[in-house]
>>> print(open('query.txt').read())   # compact mmCIF, C-alpha atoms and all ligand atoms
# COMPACT_ATOMS: atom_id res chain seq x y z
CA MET T 1 109.49 121.21 97.99
CA ARG T 2 108.08 117.84 98.97
CA THR T 3 108.35 114.61 97.02
CA VAL T 4 105.23 112.54 96.67
CA VAL T 5 105.07 109.06 95.16
CA ALA T 6 101.66 108.29 93.68
CA LYS T 7 100.76 104.72 92.79
CA PHE T 8 97.69 104.13 90.64
CA GLY T 9 96.00 100.73 90.69
CA GLY T 10 94.40 98.75 87.88
CA THR T 11 90.92 100.28 88.05
CA SER T 12 92.49 103.75 88.09
CA LEU T 13 94.21 102.89 84.79
CA ALA T 14 91.58 100.71 83.19
CA ASP T 15 90.79 102.93 80.18
CA ALA T 16 91.40 106.31 78.56
CA GLY T 17 88.85 108.05 80.79
CA GLN T 18 90.76 106.92 83.87
CA PHE T 19 94.07 108.08 82.36
CA LYS T 20 92.54 111.57 82.03
CA LYS T 21 91.49 111.57 85.69
CA ILE T 22 95.03 110.65 86.67
CA LYS T 23 96.52 113.46 84.60
CA ASP T 24 94.19 115.86 86.37
CA ILE T 25 95.18 114.56 89.80
CA ILE T 26 98.89 114.78 88.98
CA SER T 27 98.64 118.25 87.53
CA LYS T 28 96.99 119.52 90.74
CA ASP T 29 100.10 118.86 92.81
CA PRO T 30 103.59 119.39 91.33
CA ASP T 31 105.02 117.40 94.25
CA ARG T 32 103.62 114.22 92.64
CA LYS T 33 106.86 113.50 90.83
CA PHE T 34 107.15 109.72 90.86
CA ILE T 35 104.24 107.68 89.59
CA VAL T 36 103.90 103.90 89.87
CA ALA T 37 101.43 102.25 87.52
CA SER T 38 99.51 98.96 87.41
CA ALA T 39 98.23 97.13 84.35
CA PRO T 40 94.71 98.03 83.14
CA GLY T 41 92.21 96.50 85.55
CA LYS T 42 88.49 95.93 85.22
CA ARG T 43 86.39 98.63 83.52
CA PHE T 44 83.14 97.05 84.75
CA PRO T 45 82.43 94.13 87.11
CA GLU T 46 82.39 91.36 84.46
CA ASP T 47 85.50 92.70 82.70
CA VAL T 48 88.84 90.85 82.73
CA LYS T 49 92.08 92.39 84.06
CA VAL T 50 94.86 92.61 81.48
CA THR T 51 97.15 90.63 83.83
CA ASP T 52 94.65 87.77 83.72
CA MET T 53 94.42 88.02 79.92
CA LEU T 54 98.21 87.75 79.72
CA LEU T 55 98.28 84.77 82.03
CA LYS T 56 95.62 83.11 79.91
CA CYS T 57 97.90 83.50 76.86
CA TYR T 58 100.72 81.94 78.81
CA HIS T 59 98.57 78.90 79.73
CA HIS T 60 97.47 78.46 76.12
CA ALA T 61 101.06 78.66 74.92
CA LYS T 62 102.20 76.21 77.59
CA ASN T 63 99.54 73.72 76.48
CA ASP T 64 100.33 74.23 72.79
CA GLU T 65 96.96 75.86 72.24
CA ASP T 66 96.21 78.83 70.06
CA TYR T 67 96.60 82.20 71.79
CA GLU T 68 96.36 84.57 68.82
CA GLN T 69 92.82 85.66 69.62
CA ASP T 70 93.83 86.52 73.21
CA ILE T 71 96.87 88.47 72.07
CA CYS T 72 94.66 90.49 69.73
CA GLU T 73 92.26 91.24 72.61
CA ILE T 74 95.15 92.52 74.72
CA GLN T 75 96.48 94.64 71.88
CA LYS T 76 92.97 96.07 71.41
CA ARG T 77 92.75 97.14 75.07
CA PHE T 78 95.98 99.13 74.81
CA GLN T 79 95.24 100.44 71.33
CA GLU T 80 91.93 101.93 72.51
CA ILE T 81 93.78 103.95 75.15
CA ILE T 82 96.40 105.07 72.62
CA ASP T 83 93.81 106.12 70.06
CA GLU T 84 91.50 107.94 72.42
CA LEU T 85 94.31 109.90 74.04
CA HIS T 86 96.35 110.36 70.84
CA ILE T 87 99.44 108.95 72.54
CA ASP T 88 102.53 108.74 70.37
CA PHE T 89 103.29 105.05 70.85
CA THR T 90 103.55 102.10 68.47
CA LEU T 91 102.37 98.84 69.92
CA ASP T 92 103.11 96.44 67.08
CA GLU T 93 106.75 95.81 67.90
CA GLU T 94 106.03 95.30 71.60
CA ILE T 95 103.25 92.83 70.86
CA ASP T 96 105.50 90.97 68.42
CA THR T 97 108.13 90.64 71.16
CA ILE T 98 105.46 89.06 73.40
CA ARG T 99 104.42 86.72 70.57
CA LYS T 100 108.03 85.68 70.05
CA HIS T 101 108.43 85.01 73.77
CA LEU T 102 105.30 82.86 73.82
CA SER T 103 106.39 80.81 70.85
CA GLU T 104 109.93 80.20 72.12
CA ASN T 105 109.87 79.63 75.87
CA PRO T 106 106.82 81.00 77.66
CA ASP T 107 107.32 82.14 81.24
CA SER T 108 104.37 83.05 83.46
CA GLN T 109 106.08 85.85 85.40
CA TYR T 110 107.41 87.52 82.29
CA MET T 111 103.94 87.37 80.76
CA ALA T 112 102.21 88.68 83.90
CA SER T 113 104.58 91.65 83.98
CA ARG T 114 103.84 92.88 80.45
CA GLY T 115 100.63 94.65 81.48
CA GLU T 116 102.51 97.00 83.79
CA TYR T 117 105.36 97.31 81.30
CA LEU T 118 103.12 98.53 78.49
CA ASN T 119 100.64 100.56 80.54
CA SER T 120 103.39 102.50 82.28
CA GLN T 121 104.95 103.40 78.96
CA LEU T 122 101.60 104.72 77.76
CA LEU T 123 101.09 106.70 80.95
CA ALA T 124 104.60 108.14 80.80
CA ALA T 125 104.06 109.25 77.19
CA PHE T 126 100.65 110.73 78.06
CA LEU T 127 102.04 112.69 81.03
CA GLY T 128 105.34 113.63 79.39
CA PHE T 129 107.27 111.80 82.16
CA THR T 130 110.27 109.48 81.81
CA PHE T 131 109.46 105.75 81.76
CA VAL T 132 111.50 103.62 84.18
CA ASP T 133 111.61 99.87 83.64
CA PRO T 134 111.90 98.18 87.06
CA ALA T 135 113.82 95.31 85.44
CA TRP T 136 116.84 97.57 86.09
CA CYS T 137 116.10 98.68 89.63
CA VAL T 138 113.78 96.24 91.43
CA CYS T 139 116.30 93.53 92.24
CA PHE T 140 115.19 89.98 92.84
CA ASN T 141 117.29 87.04 93.91
CA GLU T 142 117.23 83.99 91.68
CA ASP T 143 114.83 82.24 94.05
CA GLY T 144 112.25 84.98 93.51
CA THR T 145 112.74 86.79 96.81
CA LEU T 146 113.40 90.52 96.79
CA ASP T 147 116.83 91.93 97.54
CA SER T 148 115.59 95.01 99.43
CA ASN T 149 118.94 96.67 100.04
CA MET T 150 120.10 96.32 96.48
CA THR T 151 116.69 97.57 95.27
CA ARG T 152 116.87 100.66 97.48
CA ARG T 153 120.30 101.52 96.12
CA ALA T 154 119.51 100.77 92.46
CA MET T 155 116.13 102.50 92.57
CA GLY T 156 117.59 105.56 94.30
CA ALA T 157 120.33 105.81 91.68
CA ALA T 158 117.85 105.40 88.82
CA LEU T 159 115.31 107.92 90.08
CA ARG T 160 117.31 110.68 91.74
CA PRO T 161 118.56 112.23 88.47
CA LEU T 162 115.01 112.31 87.09
CA LYS T 163 112.56 115.14 87.64
CA LYS T 164 109.37 113.23 86.88
CA ALA T 165 109.03 109.53 86.12
CA VAL T 166 106.58 106.68 85.76
CA VAL T 167 107.84 103.37 87.16
CA ALA T 168 106.06 100.18 86.14
CA GLY T 169 104.72 98.32 89.16
CA PHE T 170 104.60 94.65 90.10
CA TYR T 171 107.89 93.27 88.72
CA GLY T 172 111.66 93.40 88.68
CA ALA T 173 114.44 91.10 87.54
CA ASP T 174 117.31 89.03 88.89
CA SER T 175 120.96 89.49 87.96
CA ASP T 176 120.49 87.28 84.88
CA GLY T 177 117.75 89.58 83.65
CA ARG T 178 115.00 87.07 84.35
CA ILE T 179 111.71 88.79 85.20
CA HIS T 180 110.11 88.12 88.59
CA THR T 181 106.80 89.46 89.85
CA PHE T 182 105.48 90.08 93.34
CA SER T 183 102.31 88.26 94.27
CA ARG T 184 99.07 89.65 92.83
CA GLY T 185 98.38 93.27 93.65
CA GLY T 186 102.13 93.77 93.98
CA SER T 187 102.34 97.21 92.36
CA ASP T 188 101.56 98.48 95.87
CA VAL T 189 104.89 97.01 96.92
CA THR T 190 106.72 98.76 94.08
CA GLY T 191 105.14 102.06 95.16
CA SER T 192 106.39 101.58 98.68
CA LEU T 193 109.88 100.64 97.45
CA VAL T 194 110.02 103.78 95.30
CA ALA T 195 108.89 105.92 98.24
CA SER T 196 111.57 104.39 100.44
CA ALA T 197 114.36 104.63 97.83
CA ILE T 198 113.85 108.35 97.27
CA GLN T 199 112.87 109.02 100.89
CA ALA T 200 109.58 110.52 99.83
CA ASP T 201 107.52 112.70 102.13
CA LEU T 202 104.34 110.84 101.27
CA TYR T 203 103.26 107.66 99.50
CA GLU T 204 99.83 108.06 97.91
CA ASN T 205 98.07 104.88 96.90
CA TRP T 206 95.25 105.73 94.49
CA THR T 207 92.55 103.11 94.14
CA ASP T 208 88.78 102.89 93.70
CA VAL T 209 87.68 103.33 97.31
CA SER T 210 87.98 106.35 99.57
CA GLY T 211 90.27 104.68 102.06
CA LEU T 212 90.16 101.65 104.24
CA LEU T 213 86.72 100.59 105.38
CA ALA T 214 86.21 99.48 108.94
CA ALA T 215 84.67 96.21 107.74
CA ASP T 216 84.18 94.22 104.54
CA PRO T 217 81.45 96.04 102.54
CA ARG T 218 80.31 92.71 101.07
CA ILE T 219 79.25 91.72 104.58
CA VAL T 220 78.46 94.98 106.37
CA ASP T 221 76.18 97.51 104.74
CA SER T 222 78.06 100.81 104.12
CA PRO T 223 80.79 100.51 106.74
CA LYS T 224 82.52 103.73 107.77
CA SER T 225 85.92 104.54 106.37
CA VAL T 226 88.88 104.94 108.66
CA GLU T 227 90.60 108.32 108.75
CA TYR T 228 93.82 107.46 110.56
CA LEU T 229 95.50 104.13 111.04
CA SER T 230 98.87 103.03 112.35
CA TYR T 231 101.17 100.82 110.24
CA ARG T 232 100.69 98.05 112.77
CA GLU T 233 96.93 98.27 112.55
CA LEU T 234 97.03 98.27 108.76
CA ARG T 235 99.34 95.29 108.63
CA THR T 236 97.09 93.31 110.94
CA LEU T 237 93.94 94.23 109.05
CA SER T 238 95.42 93.42 105.67
CA TYR T 239 96.91 90.15 106.94
CA MET T 240 93.46 89.28 108.19
CA GLY T 241 91.87 89.90 104.82
CA ALA T 242 91.13 93.62 104.47
CA SER T 243 92.19 94.09 100.88
CA VAL T 244 93.02 97.75 100.52
CA LEU T 245 96.81 97.42 100.29
CA HIS T 246 99.19 94.50 99.58
CA THR T 247 100.51 93.20 102.93
CA ASP T 248 104.15 93.57 101.85
CA ALA T 249 103.64 97.20 100.90
CA VAL T 250 103.69 98.43 104.46
CA LEU T 251 107.26 97.62 105.45
CA PRO T 252 109.41 99.69 103.05
CA ALA T 253 107.44 102.86 103.80
CA SER T 254 107.00 102.19 107.50
CA ASP T 255 110.74 101.56 107.98
CA LEU T 256 111.34 105.23 107.17
CA GLY T 257 108.11 106.47 108.72
CA ILE T 258 106.73 107.62 105.35
CA PRO T 259 102.98 108.19 105.66
CA ILE T 260 100.77 106.22 103.28
CA ASN T 261 97.60 107.87 102.04
CA ILE T 262 94.92 105.68 100.42
CA ARG T 263 92.95 107.86 97.95
CA ASN T 264 90.14 107.37 95.46
CA THR T 265 90.86 108.24 91.81
CA ASN T 266 87.12 108.47 91.16
CA SER T 267 86.55 110.81 94.08
CA PRO T 268 89.82 112.74 94.39
CA ASP T 269 88.54 115.32 96.87
CA ASP T 270 88.03 112.68 99.56
CA HIS T 271 90.88 112.67 102.07
CA GLY T 272 91.00 108.88 102.25
CA THR T 273 92.89 107.02 104.95
CA ILE T 274 96.26 108.15 106.29
CA ILE T 275 98.54 105.48 107.68
CA VAL T 276 101.28 106.65 110.02
CA ARG T 277 103.67 105.26 112.60
CA LYS T 278 102.06 107.07 115.50
CA LEU T 279 98.45 108.12 115.52
CA PRO T 280 98.15 111.91 115.83
CA GLU T 281 97.82 112.89 119.50
CA GLY T 282 94.31 113.86 120.46
CA LYS T 283 92.92 113.36 116.97
CA VAL T 284 91.97 109.72 117.13
CA LYS T 285 89.97 108.76 120.14
CA HIS T 286 87.95 105.86 118.86
CA PRO T 287 89.14 102.63 120.38
CA VAL T 288 88.74 100.19 117.49
CA VAL T 289 89.63 100.94 113.86
CA GLY T 290 88.21 97.92 112.15
CA VAL T 291 87.31 94.28 111.97
CA ALA T 292 88.49 91.70 109.43
CA GLY T 293 88.73 87.96 109.27
CA ARG T 294 89.82 84.83 107.46
CA LEU T 295 88.01 81.60 106.77
CA GLY T 296 89.55 78.15 106.46
CA MET T 297 91.18 77.66 109.86
CA SER T 298 91.67 74.55 111.98
CA VAL T 299 92.45 74.31 115.65
CA ILE T 300 94.52 71.54 117.22
CA GLN T 301 94.16 71.13 120.93
CA VAL T 302 96.64 69.13 123.00
CA GLU T 303 96.15 68.46 126.70
CA LYS T 304 98.49 66.82 129.17
CA VAL T 305 98.66 67.11 132.89
CA MET T 306 101.73 69.14 133.88
CA VAL T 307 102.22 70.59 130.37
CA SER T 308 103.30 73.83 131.98
CA ASP T 309 105.88 72.36 134.36
CA GLY T 310 108.74 73.51 132.16
CA SER T 311 109.57 70.08 130.77
CA GLY T 312 109.69 71.41 127.22
CA PHE T 313 106.32 70.08 126.07
CA SER T 314 105.48 73.28 124.15
CA ALA T 315 108.96 73.37 122.62
CA ILE T 316 108.59 69.81 121.31
CA MET T 317 105.17 70.68 119.89
CA LEU T 318 106.52 73.72 118.05
CA ASP T 319 109.54 71.72 116.87
CA ILE T 320 107.23 69.22 115.23
CA LEU T 321 105.66 72.05 113.25
CA ARG T 322 109.01 73.62 112.44
CA GLU T 323 110.41 70.38 111.08
CA ARG T 324 107.39 70.02 108.85
CA LYS T 325 107.69 73.68 107.81
CA LEU T 326 104.08 74.07 108.86
CA PRO T 327 103.39 77.65 109.97
CA PHE T 328 100.80 78.39 112.61
CA GLU T 329 98.62 81.46 112.99
CA GLN T 330 98.34 81.42 116.76
CA CYS T 331 99.64 79.37 119.65
CA LEU T 332 97.70 79.65 122.88
CA THR T 333 98.91 77.94 126.01
CA GLY T 334 96.95 77.39 129.16
CA ILE T 335 97.38 75.29 132.21
CA ASP T 336 97.99 71.82 130.81
CA THR T 337 96.80 72.77 127.30
CA ILE T 338 98.24 74.00 124.04
CA THR T 339 95.98 75.24 121.25
CA LEU T 340 97.33 75.82 117.76
CA VAL T 341 95.49 77.66 115.04
CA ILE T 342 96.64 76.53 111.59
CA ARG T 343 95.40 77.29 108.08
CA SER T 344 93.38 74.26 106.93
CA ASP T 345 94.81 74.33 103.39
CA LEU T 346 98.29 73.86 104.87
CA LEU T 347 97.27 71.41 107.55
CA ASN T 348 95.05 69.08 105.54
CA PRO T 349 97.71 67.47 103.33
CA CYS T 350 99.64 66.29 106.42
CA LYS T 351 96.92 66.19 109.07
CA ASP T 352 96.88 62.46 109.81
CA GLU T 353 100.66 62.16 109.90
CA LEU T 354 100.91 65.20 112.15
CA LEU T 355 98.39 63.86 114.65
CA THR T 356 100.20 60.50 114.72
CA GLU T 357 103.52 62.24 115.35
CA ILE T 358 102.08 64.37 118.17
CA LYS T 359 100.67 61.22 119.78
CA SER T 360 103.93 59.35 119.57
CA LYS T 361 106.20 62.20 120.70
CA LEU T 362 104.02 63.77 123.39
CA SER T 363 101.61 61.02 124.52
CA PRO T 364 98.91 63.61 125.24
CA ASP T 365 95.98 62.92 127.55
CA TYR T 366 93.74 64.47 124.92
CA LEU T 367 94.31 65.40 121.30
CA GLY T 368 91.49 67.05 119.35
CA ILE T 369 90.98 68.98 116.17
CA LYS T 370 88.27 71.46 115.25
CA GLU T 371 87.83 72.35 111.61
CA ASN T 372 85.91 74.87 109.50
CA LEU T 373 86.67 77.80 111.73
CA SER T 374 87.16 81.45 110.91
CA MET T 375 89.43 83.88 112.73
CA ILE T 376 88.26 87.42 113.29
CA ALA T 377 90.55 90.26 114.32
CA VAL T 378 89.14 93.30 116.08
CA VAL T 379 91.93 95.79 115.54
CA GLY T 380 92.82 99.01 117.29
CA GLU T 381 95.93 100.07 119.18
CA ARG T 382 93.69 101.85 121.65
CA GLY T 383 90.66 99.66 121.41
CA THR T 384 92.02 96.67 123.10
CA GLU T 385 93.60 98.81 125.82
CA SER T 386 90.10 99.41 127.00
CA SER T 387 88.41 96.38 128.42
CA ASP T 388 85.15 98.16 127.70
CA ALA T 389 85.65 97.71 123.95
CA ASN T 390 86.46 94.02 124.39
CA VAL T 391 83.43 93.46 126.57
CA LYS T 392 81.17 95.11 123.97
CA VAL T 393 82.58 92.91 121.22
CA LEU T 394 82.26 89.68 123.17
CA HIS T 395 78.76 90.61 124.30
CA ALA T 396 77.74 91.25 120.71
CA ILE T 397 78.94 87.80 119.64
CA ASP T 398 77.23 86.17 122.57
CA ASN T 399 73.98 88.04 121.93
CA ALA T 400 74.02 86.80 118.35
CA GLY T 401 74.15 83.25 119.74
CA ILE T 402 77.54 82.53 118.19
CA GLU T 403 79.83 80.00 119.83
CA ILE T 404 83.34 81.32 120.48
CA SER T 405 85.98 78.67 119.83
CA THR T 406 89.13 80.64 120.74
CA ILE T 407 89.99 84.06 122.14
CA ASN T 408 93.48 85.49 121.97
CA GLN T 409 94.88 88.80 123.04
CA GLY T 410 98.58 89.28 123.60
CA ALA T 411 100.12 91.79 125.94
CA GLY T 412 100.79 94.01 122.89
CA LYS T 413 97.02 94.58 122.79
CA LEU T 414 96.91 95.48 119.13
CA ASN T 415 94.06 93.18 118.43
CA LEU T 416 91.59 90.76 119.83
CA LEU T 417 91.48 87.53 117.84
CA ILE T 418 88.33 85.49 118.03
CA GLY T 419 87.66 82.08 116.46
CA VAL T 420 84.09 81.28 115.44
CA PRO T 421 82.55 78.56 113.25
CA GLU T 422 82.78 79.40 109.55
CA GLU T 423 79.04 79.26 109.04
CA ARG T 424 78.60 82.06 111.58
CA TYR T 425 81.49 84.18 110.25
CA LYS T 426 79.36 86.80 108.52
CA ASP T 427 76.93 87.05 111.45
CA ALA T 428 79.87 87.57 113.80
CA ILE T 429 81.40 90.31 111.63
CA ILE T 430 78.04 92.11 111.47
CA ALA T 431 77.49 91.79 115.21
CA ILE T 432 80.99 93.03 116.01
CA TYR T 433 80.75 95.92 113.56
CA GLU T 434 77.45 97.02 115.06
CA SER T 435 78.99 97.01 118.50
CA ILE T 436 81.88 99.25 117.46
CA ASP T 437 80.12 101.36 114.81
CA SER T 438 78.96 104.17 117.11
CA SER T 439 82.48 104.81 118.38
CA LEU T 440 84.20 104.72 114.97
CA ASN T 441 85.44 108.12 113.78
CA GLU T 442 84.89 109.48 117.29
CA VAL T 443 87.26 112.42 117.44
N1 LIG T 501 98.48 93.75 87.66
C1 LIG T 501 98.83 92.96 88.81
C2 LIG T 501 97.59 92.27 89.32
O1 LIG T 501 96.54 92.31 88.68
C3 LIG T 501 99.52 93.75 89.87
C4 LIG T 501 98.81 94.96 90.41
O2 LIG T 501 97.80 95.40 89.86
O3 LIG T 501 99.26 95.49 91.41
O4 LIG T 501 97.65 91.64 90.34
>>> encode(input="query.txt", output="structure tokens", more="lines below")
Ligand code: ASP
Amino acid sequence: MRTVVAKFGGTSLADAGQFKKIKDIISKDPDRKFIVASAPGKRFPEDVKVTDMLLKCYHHAKNDEDYEQDICEIQKRFQEIIDELHIDFTLDEEIDTIRKHLSENPDSQYMASRGEYLNSQLLAAFLGFTFVDPAWCVCFNEDGTLDSNMTRRAMGAALRPLKKAVVAGFYGADSDGRIHTFSRGGSDVTGSLVASAIQADLYENWTDVSGLLAADPRIVDSPKSVEYLSYRELRTLSYMGASVLHTDAVLPASDLGIPINIRNTNSPDDHGTIIVRKLPEGKVKHPVVGVAGRLGMSVIQVEKVMVSDGSGFSAIMLDILRERKLPFEQCLTGIDTITLVIRSDLLNPCKDELLTEIKSKLSPDYLGIKENLSMIAVVGERGTESSDANVKVLHAIDNAGIEISTINQGAGKLNLLIGVPEERYKDAIIAIYESIDSSLNEV
């Protein structure tokens, strides 16, 4: 018998109707033994996620403002689910505990975690599964970083004796019992940690789309969905802004080679996207799997004759960034030039000082900065092996009359990174997508 971990996101658990869909999905496959749950998400576009409602309470409490109305709204959201599904669960005591916390010493991470804490208890009661509080088995260090090894051991020990369980997503605790959360969307990470701790055969991530789309649907009209993807491709796409899975959710599962399957709770017969270490031989022929990008980039260009003579110019440049703890997205070196791509929100607060330091330490012949750029990644382990795919992409950008500021492709050839002005970002994504569209899903 296989073991499947199924994580359900906020929209999949937004109301009683969604809970029923989940029960149906779980009952169709007895291998779905470990469930990871988010807090109730949006029921309709203008709705507010319960996590945001909880954080609002925290801010009111912090500013000595009244939060009673907000608490009542939160209680109402959960009570509606309880009533409609006739779940045997009393909320009053739990809500009073939250009230007490808010009045004594409000903490934002504790508050943010209560949506998952309550929703998972409701789901466990509805399914007849055991509820597992991750405060006991998702182990954080005091500084808020995750202790992965300890978590794997504690989670394994907590879950192995259980036949069927619901684990609350998104949070854990340190050794003093203080609650810590992952960054937003972090229940995906919990799902991956559970899958890794029990060495699951499959990690299903149930959401509201039928898998990863090859481009942002807010920019490209009805982009195709991707059937197979490698972990590396997924990580690159999600780092570059494709929002199907939390970036940190890939590692725990990929370390053990556990396949991740993105599925749609509202359309459970769709196969979704399967993410694996190695793409199945002969099944995936299309060169590029998708395109994604990020706005808000700046490029610093430094030129000096004989930069590349081995005198340590690049090392000094990177040292300057390291000392300032300023991360860079890309570093491109050419003959006598170094180009650094840096997130503008990180660069701006220290831009002038940084440029002065570069001037004084490196005395460059030229030092320039380009701002308001976007970086686009055209991703595909096979795509960028074929120069044909690259040529098509670059042609498409050129034909759309878009200026290319940087091009970067490492020897790893996982992706082609292209910098274009922010105001042409959407046009570039559309042009690139059109150039790869016909070959997507080519099998
Ligand atoms: N509820 C949290 C959020 O809204 C975590 C999650 O849904 O994964 O970000």
>>> closest_residue(input="query.txt", among="T:Val378, T:Met150, T:Val288, T:Ile219", to="Asp427 (chain T)", atoms="only C-alpha atoms")
T:Ile219
>>> atom_distance(input="query.txt", atom1="CA of Ile335 (chain T)", atom2="CA of Gly312 (chain T)")
13.8 Å
>>> residues_near_ligand(input="query.txt", ligand="ligand LIG 501 (chain T)", cutoff="12 Å", atoms="all atoms listed in the file", output="VMD selection string")
chain T and resid 7 to 14 36 to 42 48 to 55 109 111 to 120 168 to 171 181 to 192 205 to 207 243 to 249
>>> closest_residue(input="query.txt", among="T:Ala292, T:Met1, T:Val305, T:Gln199", to="Arg218 (chain T)", atoms="only C-alpha atoms")
T:Ala292
>>> residues_around(input="query.txt", residues="Glu403 (chain T)", least_positions_apart="5", cutoff="8 Å", atoms="all atoms listed in the file", output="JSON, numbers by chain")
{"T": [397, 398, 420, 421]}
>>> closest_residue(input="query.txt", among="T:Val194, T:Ala125, T:Ala173, T:Leu414", to="Phe34 (chain T)", atoms="all atoms listed in the file")
T:Val194
>>> atom_distance(input="query.txt", atom1="CA of Lys164 (chain T)", atom2="CA of Val209 (chain T)")
26.0 Å
>>> residues_around(input="query.txt", residues="Thr151 (chain T)", least_positions_apart="2", cutoff="10 Å", atoms="all atoms listed in the file", output="PyMOL selection string")
chain T and resi 134+136-140+146-149+153-157+172+193-194+196-197
>>> closest_residue(input="query.txt", among="T:Leu127, T:Leu202, T:Cys72, T:Ile98", to="Val5 (chain T)", atoms="all atoms listed in the file")
T:Leu202
>>> atom_distance(input="query.txt", atom1="CA of Lys23 (chain T)", atom2="CA of Phe131 (chain T)")
15.3 Å
